[in-house]
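Some notes on the structure that comes next.
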Amino acid sequence: MSPVRRAATMARSLAGGLSFPWRPAPVPTGADPVPAVRGLGADYDTSWARRYPARIARAAIIESVMRPTMAVIASPARRGLDRLDDLDGPVVFVANHHSHADTPLLLTSIPEPWRHRVMVGAAADYFFGNRIASAISALTIGAVPIERTKVGRKSADMVRDLIGDGWSMLLYPEGGRSPDGWGQEFRGGAAFLAIKCGVPVVPIHVQGTGRILRKGRNLPRPSRTTVTFGDPLVPTDRENARAFARRLQAAVAALGDESTSDWYSARIRAHAGTSPGLTGPDVGAWRRAWALGNRDRGSRRRRRRWPAL
Amino acid sequence: MKALQFRRHLPRYAAARLAGSLTPGRGAAAGPLQLVDLEPTRPPGADWVRVRPRLSGICGSDLATIDGRSARYFEPLVSFPFVPGHEVVGDLDDDTRVVLEPVLGCVSRNLDPTCQPCADGHLGNCEHTSFGDLEPGIQTGSCHDTGGGWATAFSAHPTQLHSIPATLDDEDAVMVEPTACGVHAALAAEVPDNGVVAILGAGTLGLVTLTALRAYTSPRTVVATARYPEQRRLATRLGADYVVTPTEIRRAIRRVTGSRAIGAPGLGEKTTEGVVDRLTGGADIVIDCVGSSASLTDALSVVRPKGRIVLVGMPDTISLELTPLWHREITLTGAYTYGTEVLADGTERRTFDLATELVAESKLGSLVSATYPLSRYREALEHAASAGRRGATKIAFDLRDEKERIS
Amino acid sequence: MTGHLAPRPGFVLDVDRNSPPIVFHHGEGFRLEKLPAGRSRVIYPAEPLEGLPDPDGAIRHALLHPIGDSEPLPALLNPGMKLTIAFDDISLPLPPMRRPDIRQRVIEAVLDLAAEAGVDDVHLIAALAIHRRMTEDELRHAVGDRVYDAFAPDGRLYNHDAEDPEGMVVLGETPHGEDVQFSRRAAESDLVVYVNINLVAMDGGHKSTATGLSGYTGLRHHHNVHTMRNSRSFMDRENSALHASNWRMGKVIQDAGVKIFQIETTVNNDTFGRSGPLALLQKREWEWSTRDRMQFLGMKSGLEVMPTNAKRKIFSSWQAPYALTSVQAGEIEAVHEVTTVNVYKQHLVSVEGQTDVLTMGLPYICPYNVNSIMNPILVMCLGLGYFFNLYRGRPLVREGGVLIMSHPTPWEFNPVHHPSYIDFFEQVLADTTDPIEIERKYEKQFAEDEWYIHLYRNSYAYHGVHPFYMWYWGSHALEHLGRVIIVGGNPAAVRRMGFQSASTLQDALEMASDVVGPEPTITHIKNPPILMADVT
């Protein structure tokens, strides 16, 4: 075949779209398609994201991109870090969940030594839907896939291995972002994992990220946020996952109360079992939205001026 | 007759000013003061007598003149060339020992009738200072015609002379004139009973004023400032309740009067709490025996509203913030020389008589720290200019052994 | 590495020819001094005891299992009650400790129980008697942000004000005729919880409340020359007139119906850290590594050229990694007995016999210059007051002996914190340094001075009478000693206090021999970290 002719053939095939072997051959009718080994969703293997090159890249992204971004759009006040002073070893962090801003905010708020050895439990269906999204999630936030509804055995084993290796977990027991600004009931997954791995759970309450980027919005709007860390909780011997999850939810609710009122009033209500719930009143949608307005203090904490000495 | 004479000589005057500004007392070496041999002065009038000084003190105003720091104010009030020296104990020709009251009032100028102040015995306030038979000169020691104490002889009017008891030695006697200034100042201060008085400066004037204050008034507390240990010791001996350094006076008066205080922050300073820049209350009376811008600023900071500042030290042209004077209705008054005083019990006494008694009582002759012959006048003046630092108070010329005097 | 070995007790080194030079604290710097061989000894403090593994658990346990005649804290709490929590001020511990402060841990534990009981009326008071008020930052450091934000904004957390005529009350008189003055809020509370940090043996017991919540009217009965001269030492409660008076007052307070639940804590000797830039200060010189030595040389020469203010900033930013070694709660006297045992466990070093010359290096901090300047009066108080009195039995130095201390002793004061100190130094000490004379002639006037009171109540000033107490604190030493020499101090400031100034330790020893004779015995008390000499 002369070079001229070969070129002509290629030009023709390009003009008509790529064909086999440039494209995969379609499955002939009558043949059953072979089930794909997807390696996505809960099956996505994130172990590469815990090797050093990825860890260094992630640390760089957290410190040089997320931290300044969060400082600008979230101006976070971080409270209660001293409650972690007596703690060491891997832990499970659980937080309420309003927004995509929560994860970067928490990754920049969780103190050393956990900050750079924490994996984020992310919805397998949402974050690990395709390869590119999976890779980005695993690299930037150290995401590991967890099922939203019921923690599967595979996820559980993976988490246990991770914790065994000294990694901590950040989980959102609500199973997804808040649809309306109020929290959702905690599911048992986080509690189940903590009981299974025998590690303490640090409850965290995030306040104000809903105003930055609530579910359904794409453009962030700067707002003040408060991250409140609580006392570590350890499951008692006879506590099952559901009971522990209730305790976690109460702890996060008490922290939320603390961040909008003051510590002592919040403690009084917590002991009396009258902390305002995370999930809001069980009433119609507009009344829920209305009640939400009362929760956000939103104003800057007034500081008395004292003379500099 | 040997004398230290001060001439009008502008280049030397400028040199003295320069030298004096570098080292106080140095004006003597460069300036218009010279040791000369003079013809004995002709008495300015028939009734004038010759006085042969025994001791002749060096006063702060003399040092100012010699260093060229003296105010232009005095130019029409002196006559050149003159012989300084107005703190004098000397002998008359009949060997009576006398002290000189140097102010030249109407009588010595042969003016009749006299001005009202002279008639009332307030010679220091004479209204005819540069008139009459004498050339200008407010005191012996600045008038060409009379001569002055820094010489082996000078002329004096009999009304200027006070004979002194034999119990006083020459050192005591030479202190009578400065003590009279102090007595006058103490009485001019109008100290309220149980008042708080601050005396700024513990040189000769400060110390004699302090002594007079204790003798003739009854304050509750007297606080004195002193820069040097010897001054501190003397001030304590002569009756100060507290003696502090000039930088400590504001805090001392604040504490003694129980006043509150205000701090004025400098640029870039953040706080004024606990800082004492001026008082909200303060001393009833401040007697300033220094007369500098700094001392008057202190005085204005520590005197109470409607209080009284008496200026005893001779000031010059100085710069001073007078807002507190206006705002706090402070009285600022001078106290110059002496004359006749009215005591608390209403009796009238000549200041010199009071001073003579006080010198004897309080042994103020001990304040004479060193004497020099005329020939060592440069040393003498330097010593006088640095008296405090060198632990001295009053420096005087000793003329008792001068050859010319004996002959 | 030493952390893994059992902490070693204190120890007395007999100096011989091979002994290394000893590091002396010298304000915001250090001196290396060679002590004469054959007749000198150096007392080293004990190494830091191990801290409690679970401090929060230990605190909770102490609250639930009180000592002495007291019910557990929860049983003392009920919803309608008036609860007052008083806590030690900025003078404890020294230097300030790293977060979380022990007070924060204890107060949060107490408040959590109070919250459980539903107590609404809670006040928190910094029991500072006549010390300066604490700033917001200092209070936040002590009690933590949570407690501060919960109570300070509406005025339920505040500094004690001993000059508030409405806020103080006299509860009665002791059999010795001492007025017992007390905070009205505390007196009217159903329960007072006192939160103490016991750094030295002087702290705690009835002194916490009887002194901390009192004012001049009460304090003058034991903060005076007579009492201080009869406290031998005031670090040894059994032999301290200061404490006897406080104990009498404590009885009156109890009899007046004030119920006090005392919580006392002790910390270890980990003042300068087991690692870090100052760690070498709690190591013995011969155990320094090459790195320690290089670090010391660098630090010393750096500090020598640094401006004083910069040095002060650096040193006052140091926070000690103190660990909690014990916590006990309940009835005051029973609690304090246990506390004292625990303090002694860390501090006591037995020393045989007295010495002719006692030397000490004074550090940059004392109880009254946290975030401030260590002025000459505080130098005197730290040396002759605190360090001299860190003995049990008899003083380390014999009667008529010489005390040599090293400190730059600058003629410098912080006018905000120490206004009356300036006047005390300029006017009182210029007149006399005799404590009796000072007390007689000046104390009342300073104590009642309106301006000082104004600054104490509204600014951040120590009370007008406080410098007097500093001087009284040293009065036992002044009476006992033949001479006091300060090495490397500002000569004018040293002279003003009636002491002698020397530029080197050698000169000072020379001067000392005029008093105690040639070839005297010398003892150096290597403090801090803190030690207390048990002298036999």
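Just so we're on the same page: first chain in the structure tokens is A, next is B, and so on; residues restart at 1 for each chain, and ligands are numbered from 1 in the order they show up.
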**Study point:** Surrounding residues of segment 186-192 of chain C excluding itself and chain neighbours under 4 positions, 10 Å, only C-alpha atoms, as a ChimeraX atom specification
**Key:** /C:73,76-78,80-86,121-125,167-171,181-182,209,213,253-254,256-262
Exercise for review: Output as a ChimeraX atom specification all residues of segment 51-94 of chain A that backbone DSSP marks as strand (DSSP E or B).
Suggested key: /A:76-79,92-94
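Distance-wise, atom CA of Arg39 of chain C and atom CA of Val516 of chain C end up 13.7 Å apart.
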Each residue of chain A with at least one atom at most 8 Å from chain C should appear once, together with its nearest atom pair and the corresponding distance in Å (one decimal); atoms considered: only C-alpha atoms; ordering: chain, then increasing residue number; output as JSON lines.
```
{"residue": "A:Gly80", "atom": "CA", "partner": "C:Arg146", "partner_atom": "CA", "distance": 7.6}
{"residue": "A:Asp82", "atom": "CA", "partner": "C:Pro100", "partner_atom": "CA", "distance": 6.3}
{"residue": "A:Asp85", "atom": "CA", "partner": "C:Pro100", "partner_atom": "CA", "distance": 7.8}
{"residue": "A:Asp86", "atom": "CA", "partner": "C:Asp54", "partner_atom": "CA", "distance": 7.7}
{"residue": "A:Ser261", "atom": "CA", "partner": "C:Ala150", "partner_atom": "CA", "distance": 7.9}
{"residue": "A:Asp262", "atom": "CA", "partner": "C:Ala150", "partner_atom": "CA", "distance": 4.5}
{"residue": "A:Trp263", "atom": "CA", "partner": "C:Ala150", "partner_atom": "CA", "distance": 5.4}
{"residue": "A:Tyr264", "atom": "CA", "partner": "C:Ala150", "partner_atom": "CA", "distance": 5.7}
{"residue": "A:Ser265", "atom": "CA", "partner": "C:Ala150", "partner_atom": "CA", "distance": 7.4}
{"residue": "A:Arg267", "atom": "CA", "partner": "C:Ala115", "partner_atom": "CA", "distance": 5.6}
{"residue": "A:Ile268", "atom": "CA", "partner": "C:Ala115", "partner_atom": "CA", "distance": 4.2}
{"residue": "A:Arg269", "atom": "CA", "partner": "C:Ala115", "partner_atom": "CA", "distance": 7.9}
{"residue": "A:His271", "atom": "CA", "partner": "C:Glu116", "partner_atom": "CA", "distance": 5.0}
{"residue": "A:Ala272", "atom": "CA", "partner": "C:Glu116", "partner_atom": "CA", "distance": 7.0}
{"residue": "A:Trp306", "atom": "CA", "partner": "C:Glu136", "partner_atom": "CA", "distance": 7.4}
```
Using only C-alpha atoms, which protein or nucleic acid residues come within 8 Å of segment 15-30 of chain C? Drop anything in the same chain fewer than 3 positions from it, and give the result as a tab-separated table (two decimals) with all heavy atoms, in the first residue's frame.
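Saved as result24.tsv:
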```
chain	number	residue	atom	x	y	z
C	33	GLU	N	29.24	30.14	88.30
C	33	GLU	CA	30.10	30.51	89.42
C	33	GLU	C	30.84	29.28	89.95
C	33	GLU	O	30.26	28.23	90.15
C	33	GLU	CB	29.26	31.12	90.56
C	33	GLU	CG	28.54	32.39	90.18
C	33	GLU	CD	29.47	33.59	90.02
C	33	GLU	OE1	30.72	33.44	90.21
C	33	GLU	OE2	28.96	34.68	89.70
C	34	LYS	N	32.14	29.49	90.18
C	34	LYS	CA	32.95	28.43	90.77
C	34	LYS	C	32.95	28.66	92.27
C	34	LYS	O	33.33	29.74	92.73
C	34	LYS	CB	34.36	28.55	90.18
C	34	LYS	CG	35.27	27.41	90.50
C	34	LYS	CD	35.38	26.42	89.34
C	34	LYS	CE	36.22	25.23	89.82
C	34	LYS	NZ	35.85	23.97	89.23
C	35	LEU	N	32.50	27.70	93.02
C	35	LEU	CA	32.48	27.86	94.47
C	35	LEU	C	33.76	27.29	95.07
C	35	LEU	O	34.31	26.32	94.54
C	35	LEU	CB	31.25	27.15	95.06
C	35	LEU	CG	29.92	27.79	94.68
C	35	LEU	CD1	28.76	26.87	95.03
C	35	LEU	CD2	29.75	29.13	95.36
C	36	PRO	N	34.24	27.89	96.16
C	36	PRO	CA	35.50	27.43	96.75
C	36	PRO	C	35.44	25.95	97.15
C	36	PRO	O	34.47	25.53	97.78
C	36	PRO	CB	35.66	28.31	97.99
C	36	PRO	CG	34.75	29.46	97.78
C	36	PRO	CD	33.66	29.03	96.87
C	37	ALA	N	36.46	25.21	96.77
C	37	ALA	CA	36.47	23.77	97.05
C	37	ALA	C	36.70	23.54	98.54
C	37	ALA	O	37.30	24.35	99.23
C	37	ALA	CB	37.56	23.10	96.23
C	38	GLY	N	36.18	22.41	99.03
C	38	GLY	CA	36.48	21.99	100.38
C	38	GLY	C	35.56	22.55	101.44
C	38	GLY	O	35.42	21.98	102.51
C	39	ARG	N	34.92	23.69	101.17
C	39	ARG	CA	34.07	24.27	102.21
C	39	ARG	C	32.70	24.71	101.66
C	39	ARG	O	31.96	25.38	102.35
C	39	ARG	CB	34.77	25.43	102.90
C	39	ARG	CG	35.26	26.50	101.95
C	39	ARG	CD	36.18	27.47	102.68
C	39	ARG	NE	36.87	28.36	101.77
C	39	ARG	CZ	36.45	29.59	101.47
C	39	ARG	NH1	35.35	30.06	102.00
C	39	ARG	NH2	37.14	30.34	100.63
C	40	SER	N	32.43	24.34	100.42
C	40	SER	CA	31.14	24.73	99.84
C	40	SER	C	30.30	23.50	99.55
C	40	SER	O	30.83	22.43	99.30
C	40	SER	CB	31.35	25.47	98.51
C	40	SER	OG	32.30	26.48	98.66
C	41	ARG	N	29.00	23.70	99.57
C	41	ARG	CA	28.11	22.63	99.13
C	41	ARG	C	26.95	23.26	98.35
C	41	ARG	O	26.63	24.44	98.53
C	41	ARG	CB	27.62	21.80	100.31
C	41	ARG	CG	27.13	22.64	101.43
C	41	ARG	CD	26.75	21.82	102.65
C	41	ARG	NE	26.06	22.72	103.56
C	41	ARG	CZ	25.41	22.34	104.63
C	41	ARG	NH1	25.34	21.08	104.97
C	41	ARG	NH2	24.79	23.23	105.41
C	42	VAL	N	26.37	22.45	97.48
C	42	VAL	CA	25.28	22.91	96.65
C	42	VAL	C	24.10	21.98	96.89
C	42	VAL	O	24.24	20.76	96.81
C	42	VAL	CB	25.67	22.87	95.15
C	42	VAL	CG1	24.53	23.37	94.29
C	42	VAL	CG2	26.93	23.69	94.91
C	281	LEU	N	18.19	23.73	82.91
C	281	LEU	CA	18.15	24.36	84.23
C	281	LEU	C	17.70	23.39	85.30
C	281	LEU	O	17.88	23.65	86.48
C	281	LEU	CB	17.23	25.58	84.22
C	281	LEU	CG	17.72	26.73	83.36
C	281	LEU	CD1	16.68	27.82	83.29
C	281	LEU	CD2	19.03	27.28	83.92
C	285	GLU	N	24.79	19.95	86.50
C	285	GLU	CA	25.74	20.44	85.50
C	285	GLU	C	26.55	19.31	84.88
C	285	GLU	O	26.86	19.34	83.69
C	285	GLU	CB	26.68	21.48	86.12
C	285	GLU	CG	26.08	22.86	86.32
C	285	GLU	CD	25.17	22.96	87.54
C	285	GLU	OE1	24.96	21.91	88.20
C	285	GLU	OE2	24.66	24.05	87.82
C	286	TRP	N	26.93	18.30	85.66
C	286	TRP	CA	27.81	17.25	85.11
C	286	TRP	C	27.03	16.26	84.24
C	286	TRP	O	27.61	15.39	83.64
C	286	TRP	CB	28.55	16.52	86.24
C	286	TRP	CG	27.62	15.94	87.26
C	286	TRP	CD1	27.12	14.68	87.27
C	286	TRP	CD2	27.08	16.60	88.41
C	286	TRP	NE1	26.30	14.51	88.34
C	286	TRP	CE2	26.26	15.67	89.07
C	286	TRP	CE3	27.24	17.88	88.95
C	286	TRP	CZ2	25.58	15.98	90.23
C	286	TRP	CZ3	26.55	18.19	90.11
C	286	TRP	CH2	25.72	17.25	90.75
C	300	LYS	N	23.36	32.12	76.93
C	300	LYS	CA	23.96	33.08	77.85
C	300	LYS	C	24.49	34.28	77.09
C	300	LYS	O	24.24	35.43	77.44
C	300	LYS	CB	25.08	32.39	78.64
C	300	LYS	CG	25.68	33.23	79.74
C	300	LYS	CD	26.51	32.36	80.67
C	300	LYS	CE	27.04	33.11	81.86
C	300	LYS	NZ	28.15	33.99	81.54
C	303	LEU	N	21.67	36.37	75.65
C	303	LEU	CA	20.97	37.17	76.65
C	303	LEU	C	21.80	38.36	77.09
C	303	LEU	O	21.26	39.40	77.46
C	303	LEU	CB	20.63	36.30	77.87
C	303	LEU	CG	19.52	35.27	77.63
C	303	LEU	CD1	19.42	34.31	78.81
C	303	LEU	CD2	18.19	35.96	77.41
C	304	GLU	N	23.12	38.20	77.03
C	304	GLU	CA	23.96	39.30	77.49
C	304	GLU	C	23.87	40.52	76.59
C	304	GLU	O	24.02	41.65	77.05
C	304	GLU	CB	25.43	38.84	77.61
C	304	GLU	CG	25.71	38.29	79.01
C	304	GLU	CD	26.90	37.35	79.05
C	304	GLU	OE1	27.73	37.40	78.12
C	304	GLU	OE2	26.98	36.56	80.01
C	308	THR	N	16.94	44.63	77.71
C	308	THR	CA	16.20	44.08	78.85
C	308	THR	C	14.75	43.76	78.51
C	308	THR	O	14.23	42.73	78.91
C	308	THR	CB	16.24	45.06	80.03
C	308	THR	OG1	17.57	45.53	80.14
C	308	THR	CG2	15.83	44.40	81.31
C	311	LYS	N	14.38	40.61	76.66
C	311	LYS	CA	14.60	39.45	77.55
C	311	LYS	C	13.37	39.19	78.38
C	311	LYS	O	12.93	38.06	78.55
C	311	LYS	CB	15.80	39.73	78.47
C	311	LYS	CG	17.13	39.58	77.77
C	311	LYS	CD	18.27	39.53	78.75
C	311	LYS	CE	18.67	40.90	79.20
C	311	LYS	NZ	19.91	40.91	79.99
C	312	ARG	N	12.79	40.27	78.93
C	312	ARG	CA	11.59	40.08	79.77
C	312	ARG	C	10.49	39.43	78.98
C	312	ARG	O	9.78	38.56	79.47
C	312	ARG	CB	11.11	41.44	80.29
C	312	ARG	CG	11.94	41.92	81.42
C	312	ARG	CD	11.25	43.02	82.21
C	312	ARG	NE	12.25	43.53	83.14
C	312	ARG	CZ	12.71	44.76	83.14
C	312	ARG	NH1	12.23	45.65	82.31
C	312	ARG	NH2	13.64	45.12	83.99
C	315	PHE	N	11.29	35.68	78.55
C	315	PHE	CA	11.15	34.88	79.76
C	315	PHE	C	9.70	34.83	80.22
C	315	PHE	O	9.22	33.79	80.67
C	315	PHE	CB	12.04	35.43	80.88
C	315	PHE	CG	13.43	34.89	80.84
C	315	PHE	CD1	14.44	35.54	80.16
C	315	PHE	CD2	13.74	33.69	81.45
C	315	PHE	CE1	15.72	35.04	80.10
C	315	PHE	CE2	15.02	33.16	81.40
C	315	PHE	CZ	16.01	33.84	80.72
C	360	MET	N	22.47	32.34	96.71
C	360	MET	CA	21.32	31.96	95.90
C	360	MET	C	21.29	32.80	94.62
C	360	MET	O	21.75	33.93	94.59
C	360	MET	CB	20.01	32.15	96.70
C	360	MET	CG	19.87	33.47	97.41
C	360	MET	SD	18.31	33.67	98.32
C	360	MET	CE	18.48	32.59	99.70
C	361	GLY	N	20.83	32.18	93.56
C	361	GLY	CA	20.65	32.90	92.30
C	361	GLY	C	19.17	33.17	92.13
C	361	GLY	O	18.38	32.25	92.09
C	362	LEU	N	18.80	34.45	92.03
C	362	LEU	CA	17.38	34.77	91.97
C	362	LEU	C	16.92	34.78	90.51
C	362	LEU	O	17.53	35.44	89.68
C	362	LEU	CB	17.10	36.13	92.61
C	362	LEU	CG	17.50	36.24	94.07
C	362	LEU	CD1	17.07	37.59	94.63
C	362	LEU	CD2	16.88	35.13	94.90
C	363	PRO	N	15.83	34.09	90.20
C	363	PRO	CA	15.35	34.02	88.82
C	363	PRO	C	14.61	35.30	88.43
C	363	PRO	O	14.54	36.26	89.19
C	363	PRO	CB	14.43	32.82	88.84
C	363	PRO	CG	13.91	32.77	90.23
C	363	PRO	CD	15.01	33.29	91.11
C	364	TYR	N	14.02	35.24	87.25
C	364	TYR	CA	13.37	36.43	86.68
C	364	TYR	C	11.97	36.65	87.23
C	364	TYR	O	11.35	37.65	86.93
C	364	TYR	CB	13.28	36.28	85.17
C	364	TYR	CG	12.39	35.12	84.73
C	364	TYR	CD1	11.08	35.33	84.36
C	364	TYR	CD2	12.88	33.81	84.74
C	364	TYR	CE1	10.27	34.26	84.00
C	364	TYR	CE2	12.07	32.75	84.39
C	364	TYR	CZ	10.77	32.98	84.01
C	364	TYR	OH	9.96	31.93	83.67
C	365	ILE	N	11.50	35.71	88.03
C	365	ILE	CA	10.08	35.81	88.40
C	365	ILE	C	9.89	35.59	89.88
C	365	ILE	O	10.64	34.84	90.51
C	365	ILE	CB	9.24	34.80	87.59
C	365	ILE	CG1	7.78	35.19	87.58
C	365	ILE	CG2	9.44	33.39	88.09
C	365	ILE	CD1	6.98	34.39	86.58
C	406	SER	N	22.24	36.74	93.80
C	406	SER	CA	22.63	37.28	92.51
C	406	SER	C	21.39	37.65	91.72
C	406	SER	O	20.50	36.83	91.51
C	406	SER	CB	23.50	36.22	91.82
C	406	SER	OG	23.13	36.06	90.50
C	407	HIS	N	21.33	38.91	91.35
C	407	HIS	CA	20.21	39.41	90.53
C	407	HIS	C	20.59	40.80	90.03
C	407	HIS	O	21.21	41.56	90.76
C	407	HIS	CB	18.91	39.48	91.35
C	407	HIS	CG	17.70	39.75	90.49
C	407	HIS	ND1	17.32	41.01	90.09
C	407	HIS	CD2	16.81	38.90	89.91
C	407	HIS	CE1	16.25	40.93	89.32
C	407	HIS	NE2	15.92	39.67	89.19
C	408	PRO	N	20.19	41.17	88.80
C	408	PRO	CA	20.57	42.50	88.30
C	408	PRO	C	19.94	43.65	89.08
C	408	PRO	O	20.45	44.78	89.02
C	408	PRO	CB	20.08	42.51	86.85
C	408	PRO	CG	19.51	41.19	86.56
C	408	PRO	CD	19.59	40.32	87.76
C	409	THR	N	18.86	43.39	89.82
C	409	THR	CA	18.25	44.40	90.68
C	409	THR	C	18.17	45.78	90.02
C	409	THR	O	18.72	46.75	90.52
C	409	THR	CB	19.03	44.53	92.01
C	409	THR	OG1	19.48	43.25	92.40
C	409	THR	CG2	18.17	45.12	93.09
C	526	LYS	N	20.12	25.78	95.21
C	526	LYS	CA	19.94	25.82	93.76
C	526	LYS	C	18.46	25.75	93.44
C	526	LYS	O	17.91	24.72	93.14
C	526	LYS	CB	20.69	24.69	93.08
C	526	LYS	CG	21.01	24.99	91.63
C	526	LYS	CD	22.06	24.05	91.13
C	526	LYS	CE	22.14	23.90	89.63
C	526	LYS	NZ	21.79	25.01	88.81
```
Exercise for review: Name all residues at most 10 Å from segment 125-131 of chain B (count only C-alpha atoms; drop same-chain ones fewer than 4 positions away) and give them as a ChimeraX atom specification.
Suggested key: /B:76-79,103-106,109-111,114-121,135-139,143,336-339
**Study point:** Expected answer as number ranges by chain: alpha helix (DSSP H) residues in segment 183-295 of chain A
**Key:** A: 189-197, 209-212, 241-260, 263-272, 285-295
Review point. Which neighbours of segment 173-183 of chain B fall inside 6 Å, counting only C-alpha atoms, when residues of the same chain fewer than 2 positions from it are skipped, and could you give them as a list of chain:residue names?
Key: B:Glu87, B:Val88, B:Val89, B:Asp170, B:Glu171, B:Ala185, B:Ala186, B:Val208, B:Thr209, B:Ala212, B:Thr337, B:Tyr338, B:Thr351, B:Phe352, B:Ala355, B:Thr356
**Study point:** Distance query Val91 of chain A at most 10 Å, only C-alpha atoms, self and fewer than 6 positions along chain excluded, as a list in words
**Key:**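 Contacts, with the query itself left out: Trp114, Val118, Ile163, Gly166, Trp167, Ser168, Met169, Leu170, Ala194, Cys197, Gly198, Val199, Pro200, Val201, Val202, Pro232 and Leu233 of chain A.
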**Study point:** Nearby residues (only C-alpha atoms) at most 12 Å from Asp241 of chain B, same-chain spacing under 5 positions excluded, as a PyMOL selection string
**Key:** (chain B and resi 196-199+210+214+219-225+232-236+252-253+256) or (chain C and resi 427-428+430-431)
Check your understanding: So what do you get for atom CA of Glu163 of chain C versus atom CA of His463 of chain C, distance-wise?
Key ->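 Atom CA of His463 of chain C lies 9.3 Å from atom CA of Glu163 of chain C.
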Check your understanding: Between B:Ala384, B:Val244, B:Leu322, B:Leu399, which has the minimum distance to chain C (counting only C-alpha atoms)?
Key -> B:Val244
Practice item. Could the residues of chain C within 6 Å of chain B, counting only C-alpha atoms, be given as a PyMOL selection string, please? Key: chain C and resi 415-416+419+449+451
Practice item. Can you work out which one of A:Arg6, A:Arg247, A:Lys154, A:Arg177 has the shortest atom-to-atom distance to His97 of chain A, counting only C-alpha atoms? Key: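 Closest to His97 of chain A of all the choices is A:Arg177.
In this structure, atom CA of Cys59 of chain B sits 9.8 Å away from atom CA of Pro84 of chain B.
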Review point. From the list C:Glu331, C:Arg457, C:Arg98, C:Ser231, which residue is nearest Trp473 of chain C when using only C-alpha atoms?
Key: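 Of C:Glu331, C:Arg457, C:Arg98, C:Ser231, the one nearest Trp473 of chain C, counting only C-alpha atoms, is C:Ser231.
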